[in-house]
Amino acid sequence: MPDRAMPGRVPAPVDRSLPTAEARALMTLVRDIARREIAPAAAEEEDAGRFPRELFTLLSASGLLGLPYDSAHGGGDQPYEVYLQVVEELASARLTVGLGVSVHTLASYALAAYGTDAQRATHLPAMLGGGSLGAYCLSEPSAGSDAASLRTRAVREGDGDWVITGTKAWITHAGLADFYTVLARSGGAGASGITAFLVPGDAAGLSVAAPERKMGLKGSPTAQVHLDGVRIPDDRRIGDEGQGFAIALAALDSGRLGIAACAVGLAQAALDEAVAWATRRRQFGRPIADFQGLRFLLADMATRIEAGRALYLAAARRRDAGRPFGREAAMAKLHCSDAAMQVTIDAVQVLGGYGYTADFPVERYLREAKVLQIVEGTNQIQRTVIARHLLGPDTR
């Protein structure tokens, strides 16, 4: 086997467009954390299926778990344009970490955007900068893409408390989260009968099933969450009764941009490995990077990544400007996750037989890329969203 420590091309940092000196200093901090604290243990911990909770404590203490939210409640006051590039850097070092930050931000969105002043003052400081970790509970075993058909029930009792019963599925951070943003049916059928709630992670009646056995992203726990008569006060209801599905869709528009950034980060890591390998691997008396066929492959990989980065940043800038961005978010999630899938396939091909072994990270990147085409709305759902913006709803 070639010596993995033999000299190769050290990848340069991504040449980023950042709007302020503060953002540039923030990115320097993120790169340092990624290089020193995240990347060295990534392969070993993913193989062991270990979630790095201590890293999330560090990220929280460093102000990186609440970047796009109000500083009055512990956030970072950063635009999405900056926040997403932070997510990309973290995902490039380890997808479990980048995705975890994206999911935590998604779980915090409902309260940050729709909570009362009292709710935000009470809960957001811990969520955004106090070391708490969040999870987002929309999907169910029989309600995935058709999320409006969810069955988890929230019943209001005479004393004003809500009692929630049901099962949520495919929940990232299940069993580790300090809080769960839960969508439950408080009224009749359809989207208008759904309400959002903030459920503590230690609530009586909340339990977690065994983690799913996944093909990749093994360090990030995914499991069902069971709510068996979980009682919470009305002051943990987020927004109005029946507003939950609208809150969920608004959160997902932003969350899809997080997935797009994760996909670009993963693809960038794969490209960096492929380029380094191509410059040091010799065949026929010269580096394989000298062969035109391989050079074209690397060029296509780089182009997919740059196009994806431009697409998610364009959507983020629309969001930051207060303009509609749902179509652009769907496009970014679709393109970037498909690009990550193709780039990681190509990276394995560049490494050849070595790329197919677990001794080299591109094998893991390939397995991890697949989930990005599924989470927070499959890519088929993204195409549906895009088509609806173009053509209007299907009238059948």
# chains A, B, ... in the order shown; residues from 1 in each chain; ligands from 1

$ select_by_dssp --residues "region 65-288 of chain A" --states "strand (DSSP E or B)" --output "ChimeraX atom specification"
/A:134-137,140,143,153-156,162-172,179-185,194-200,206-208,222-232,237-238,282-283,286-287

$ residues_around --residues "region 14-27 of chain A" --least-positions-apart "3" --cutoff "8 Å" --atoms "only C-alpha atoms" --output "MDAnalysis selection string"
chainID A and resid 30:31 78 81:82 86

$ write_last_selection --atoms "all heavy atoms" --output "short mmCIF file (atom, residue, chain, number, x, y, z; two decimals), in the first residue's frame"
data_model
loop_
_atom_site.label_atom_id
_atom_site.label_comp_id
_atom_site.auth_asym_id
_atom_site.auth_seq_id
_atom_site.Cartn_x
_atom_site.Cartn_y
_atom_site.Cartn_z
N VAL A 30 -13.12 29.28 13.02
CA VAL A 30 -13.76 28.02 12.63
C VAL A 30 -12.75 27.08 11.99
O VAL A 30 -12.72 25.88 12.28
CB VAL A 30 -14.93 28.31 11.68
CG1 VAL A 30 -15.48 27.01 11.08
CG2 VAL A 30 -16.04 29.06 12.41
N ARG A 31 -11.92 27.60 11.11
CA ARG A 31 -10.91 26.76 10.46
C ARG A 31 -9.94 26.18 11.49
O ARG A 31 -9.52 25.02 11.37
CB ARG A 31 -10.16 27.58 9.41
CG ARG A 31 -10.96 27.85 8.15
CD ARG A 31 -10.25 28.82 7.24
NE ARG A 31 -10.96 28.99 5.99
CZ ARG A 31 -10.86 30.07 5.20
NH1 ARG A 31 -10.04 31.05 5.57
NH2 ARG A 31 -11.54 30.16 4.08
N GLN A 78 -25.18 37.05 12.88
CA GLN A 78 -24.54 36.88 11.58
C GLN A 78 -25.57 36.60 10.49
O GLN A 78 -26.56 35.90 10.72
CB GLN A 78 -23.53 35.73 11.63
CG GLN A 78 -22.32 36.00 12.48
CD GLN A 78 -21.50 37.17 11.97
OE1 GLN A 78 -21.26 37.30 10.78
NE2 GLN A 78 -21.07 38.03 12.88
N GLU A 81 -25.52 34.23 4.96
CA GLU A 81 -24.37 34.14 4.07
C GLU A 81 -23.11 33.72 4.81
O GLU A 81 -22.29 32.94 4.29
CB GLU A 81 -24.15 35.51 3.40
CG GLU A 81 -22.90 35.61 2.56
CD GLU A 81 -22.63 37.02 2.07
OE1 GLU A 81 -23.37 37.94 2.46
OE2 GLU A 81 -21.66 37.20 1.32
N VAL A 82 -22.95 34.20 6.03
CA VAL A 82 -21.78 33.84 6.85
C VAL A 82 -22.01 32.53 7.57
O VAL A 82 -21.14 31.63 7.57
CB VAL A 82 -21.46 34.97 7.85
CG1 VAL A 82 -20.37 34.54 8.83
CG2 VAL A 82 -21.05 36.23 7.11
N VAL A 86 -19.75 28.87 7.57
CA VAL A 86 -19.25 28.21 8.78
C VAL A 86 -19.67 26.75 8.77
O VAL A 86 -18.86 25.84 9.03
CB VAL A 86 -19.76 28.92 10.04
CG1 VAL A 86 -19.49 28.08 11.29
CG2 VAL A 86 -19.11 30.29 10.17
#

$ closest_residue --among "A:Asp161, A:Asp228, A:Glu54, A:Glu328" --to "Leu311 (chain A)" --atoms "only C-alpha atoms"
A:Glu328

$ residues_around --residues "region 346-350 of chain A" --least-positions-apart "2" --cutoff "8 Å" --atoms "only C-alpha atoms" --output "list of chain:residue names"
A:Ala270, A:Leu271, A:Glu273, A:Ala274, A:Trp277, A:Ala278, A:Leu294, A:Leu297, A:Met301, A:Gln342, A:Val343, A:Thr344, A:Gly352, A:Gly353, A:Tyr354, A:Gly355, A:Tyr356, A:Val362, A:Glu363, A:Leu366

$ write_last_selection --atoms "N, CA, C and O atoms" --output "tab-separated table (two decimals), in the first residue's frame"
chain	number	residue	atom	x	y	z
A	270	ALA	N	-13.75	15.77	-0.28
A	270	ALA	CA	-13.46	14.68	-1.22
A	270	ALA	C	-12.55	15.15	-2.35
A	270	ALA	O	-11.62	14.44	-2.76
A	271	LEU	N	-12.81	16.34	-2.86
A	271	LEU	CA	-11.95	16.88	-3.92
A	271	LEU	C	-10.52	17.09	-3.42
A	271	LEU	O	-9.55	16.76	-4.11
A	273	GLU	N	-8.95	15.48	-1.11
A	273	GLU	CA	-8.29	14.17	-1.03
A	273	GLU	C	-7.90	13.66	-2.41
A	273	GLU	O	-6.80	13.11	-2.60
A	274	ALA	N	-8.79	13.85	-3.38
A	274	ALA	CA	-8.52	13.36	-4.73
A	274	ALA	C	-7.34	14.10	-5.36
A	274	ALA	O	-6.48	13.48	-6.02
A	277	TRP	N	-4.07	12.99	-3.69
A	277	TRP	CA	-3.69	11.66	-4.16
A	277	TRP	C	-3.14	11.71	-5.58
A	277	TRP	O	-2.12	11.09	-5.89
A	278	ALA	N	-3.81	12.48	-6.44
A	278	ALA	CA	-3.39	12.53	-7.84
A	278	ALA	C	-2.00	13.12	-8.01
A	278	ALA	O	-1.26	12.75	-8.94
A	294	LEU	N	-7.76	12.19	-16.11
A	294	LEU	CA	-7.94	12.45	-14.69
A	294	LEU	C	-8.04	13.94	-14.41
A	294	LEU	O	-8.83	14.38	-13.56
A	297	LEU	N	-11.52	15.00	-15.01
A	297	LEU	CA	-12.41	14.54	-13.94
A	297	LEU	C	-12.33	15.48	-12.74
A	297	LEU	O	-13.36	15.89	-12.18
A	301	MET	N	-15.26	17.94	-11.03
A	301	MET	CA	-15.57	17.91	-9.60
A	301	MET	C	-15.53	19.32	-9.02
A	301	MET	O	-16.44	19.75	-8.29
A	342	GLN	N	-22.03	12.84	-6.66
A	342	GLN	CA	-21.19	12.59	-7.83
A	342	GLN	C	-19.72	12.84	-7.53
A	342	GLN	O	-18.84	12.08	-7.95
A	343	VAL	N	-19.42	13.89	-6.79
A	343	VAL	CA	-18.03	14.21	-6.48
A	343	VAL	C	-17.40	13.11	-5.62
A	343	VAL	O	-16.24	12.73	-5.84
A	344	THR	N	-18.14	12.58	-4.65
A	344	THR	CA	-17.56	11.52	-3.82
A	344	THR	C	-17.41	10.21	-4.61
A	344	THR	O	-16.44	9.48	-4.39
A	352	GLY	N	-8.95	4.79	-7.02
A	352	GLY	CA	-8.98	3.42	-7.49
A	352	GLY	C	-9.31	2.44	-6.37
A	352	GLY	O	-10.17	2.69	-5.53
A	353	GLY	N	-8.59	1.31	-6.34
A	353	GLY	CA	-8.84	0.30	-5.33
A	353	GLY	C	-8.67	0.82	-3.92
A	353	GLY	O	-9.39	0.42	-3.00
A	354	TYR	N	-7.71	1.73	-3.74
A	354	TYR	CA	-7.51	2.29	-2.41
A	354	TYR	C	-8.72	3.10	-1.96
A	354	TYR	O	-9.07	3.13	-0.78
A	355	GLY	N	-9.36	3.77	-2.89
A	355	GLY	CA	-10.54	4.55	-2.55
A	355	GLY	C	-11.70	3.72	-2.07
A	355	GLY	O	-12.59	4.24	-1.37
A	356	TYR	N	-11.70	2.45	-2.42
A	356	TYR	CA	-12.80	1.56	-2.03
A	356	TYR	C	-12.58	0.96	-0.65
A	356	TYR	O	-13.43	0.26	-0.13
A	362	VAL	N	-12.22	8.81	1.48
A	362	VAL	CA	-13.22	9.01	0.42
A	362	VAL	C	-14.29	7.92	0.44
A	362	VAL	O	-15.43	8.15	0.02
A	363	GLU	N	-13.96	6.75	0.93
A	363	GLU	CA	-14.97	5.69	1.07
A	363	GLU	C	-16.06	6.14	2.04
A	363	GLU	O	-17.26	5.95	1.77
A	366	LEU	N	-18.27	8.95	0.50
A	366	LEU	CA	-19.28	8.44	-0.43
A	366	LEU	C	-20.51	7.94	0.31
A	366	LEU	O	-21.65	8.24	-0.06

$ atom_distance --atom1 "CA of Ala39 (chain A)" --atom2 "CA of Ser92 (chain A)"
8.6 Å

$ closest_atom_pairs --of "region 180-222 of chain A" --to "region 114-136 of chain A" --cutoff "7 Å" --atoms "only C-alpha atoms" --output "Markdown table"
| residue | atom | partner | partner_atom | distance |
| --- | --- | --- | --- | --- |
| A:Tyr180 | CA | A:Ala135 | CA | 4.8 |
| A:Thr181 | CA | A:Tyr136 | CA | 5.0 |
| A:Val182 | CA | A:Tyr136 | CA | 6.5 |

$ atom_distance --atom1 "CA of Lys168 (chain A)" --atom2 "CA of Pro233 (chain A)"
20.2 Å

$ residues_around --residues "region 316-323 of chain A" --least-positions-apart "6" --cutoff "10 Å" --atoms "only C-alpha atoms" --output "PyMOL selection string"
chain A and resi 68+78-84+253-254+257-258+310+329+332

$ write_last_selection --atoms "C-alpha atoms" --output "tab-separated table (two decimals), in the first residue's frame"
chain	number	residue	atom	x	y	z
A	68	PRO	CA	-27.86	33.57	12.63
A	78	GLN	CA	-24.54	36.88	11.58
A	79	PRO	CA	-26.25	36.79	8.18
A	80	TYR	CA	-27.05	33.43	6.65
A	81	GLU	CA	-24.37	34.14	4.07
A	82	VAL	CA	-21.78	33.84	6.85
A	83	TYR	CA	-23.48	31.16	8.96
A	84	LEU	CA	-23.72	28.76	6.02
A	253	ASP	CA	-36.61	26.45	3.83
A	254	SER	CA	-33.72	27.66	5.98
A	257	LEU	CA	-29.67	25.74	2.95
A	258	GLY	CA	-27.82	24.15	5.85
A	310	ALA	CA	-22.62	29.96	-5.57
A	329	ALA	CA	-33.33	26.91	-1.16
A	332	ALA	CA	-29.54	24.65	-3.64

$ residues_around --residues "region 140-155 of chain A" --least-positions-apart "6" --cutoff "8 Å" --atoms "only C-alpha atoms" --output "PyMOL selection string"
chain A and resi 162-170+183-186+189-191+194+245+377-378+381

$ write_last_selection --atoms "C-alpha atoms" --output "PDB file, in the first residue's frame"
ATOM      1  CA  TRP A 162     -50.888  19.849  26.757  1.00  0.00           C
ATOM      2  CA  VAL A 163     -50.499  16.075  26.683  1.00  0.00           C
ATOM      3  CA  ILE A 164     -48.559  14.789  23.669  1.00  0.00           C
ATOM      4  CA  THR A 165     -48.657  11.184  22.491  1.00  0.00           C
ATOM      5  CA  GLY A 166     -47.100   9.669  19.391  1.00  0.00           C
ATOM      6  CA  THR A 167     -43.874   8.590  17.694  1.00  0.00           C
ATOM      7  CA  LYS A 168     -41.442  10.680  15.696  1.00  0.00           C
ATOM      8  CA  ALA A 169     -38.987   9.064  13.286  1.00  0.00           C
ATOM      9  CA  TRP A 170     -35.550   9.804  11.801  1.00  0.00           C
ATOM     10  CA  LEU A 183     -44.945  19.172  15.631  1.00  0.00           C
ATOM     11  CA  ALA A 184     -48.170  17.539  16.794  1.00  0.00           C
ATOM     12  CA  ARG A 185     -51.811  17.452  15.759  1.00  0.00           C
ATOM     13  CA  SER A 186     -53.896  19.625  18.055  1.00  0.00           C
ATOM     14  CA  ALA A 189     -56.894  16.630   9.690  1.00  0.00           C
ATOM     15  CA  GLY A 190     -54.438  18.353   7.397  1.00  0.00           C
ATOM     16  CA  ALA A 191     -51.882  21.096   7.770  1.00  0.00           C
ATOM     17  CA  ILE A 194     -50.820  21.080  13.539  1.00  0.00           C
ATOM     18  CA  PHE A 245     -47.132  23.387   9.831  1.00  0.00           C
ATOM     19  CA  GLY A 377     -36.966  16.611   2.073  1.00  0.00           C
ATOM     20  CA  THR A 378     -35.815  14.099  -0.517  1.00  0.00           C
ATOM     21  CA  ILE A 381     -39.582  16.649  -2.992  1.00  0.00           C
TER      22      ILE A 381
END

$ atom_distance --atom1 "CA of Asp70 (chain A)" --atom2 "CA of Val87 (chain A)"
18.0 Å

$ closest_residue --among "A:Gly205, A:Pro361, A:Gly326, A:Gly242" --to "Arg388 (chain A)" --atoms "only C-alpha atoms"
A:Gly326

$ residues_around --residues "Ala330 (chain A)" --least-positions-apart "3" --cutoff "7 Å" --atoms "only C-alpha atoms" --output "VMD selection string"
chain A and resid 256 326 to 327 333 to 334 382 385 to 386

$ write_last_selection --atoms "C-alpha atoms" --output "JSON list (two decimals), in the first residue's frame"
[["chain", "number", "residue", "atom", "x", "y", "z"],
["A", 256, "ARG", "CA", -32.33, 23.10, 3.36],
["A", 326, "GLY", "CA", -37.96, 28.94, -0.87],
["A", 327, "ARG", "CA", -37.46, 28.04, -4.53],
["A", 333, "LYS", "CA", -30.37, 21.55, -1.61],
["A", 334, "LEU", "CA", -31.08, 19.57, -4.79],
["A", 382, "GLN", "CA", -37.19, 19.49, -3.89],
["A", 385, "VAL", "CA", -41.19, 22.42, -4.69],
["A", 386, "ILE", "CA", -39.30, 23.95, -7.61]]

$ closest_residue --among "A:His226, A:Arg53, A:Arg281, A:Arg309" --to "Val264 (chain A)" --atoms "only C-alpha atoms"
A:Arg309

$ select_by_dssp --residues "region 33-165 of chain A" --states "alpha helix (DSSP H)" --output "VMD selection string"
chain A and resid 33 39 to 48 53 to 61 80 to 93 95 to 114 117 to 129
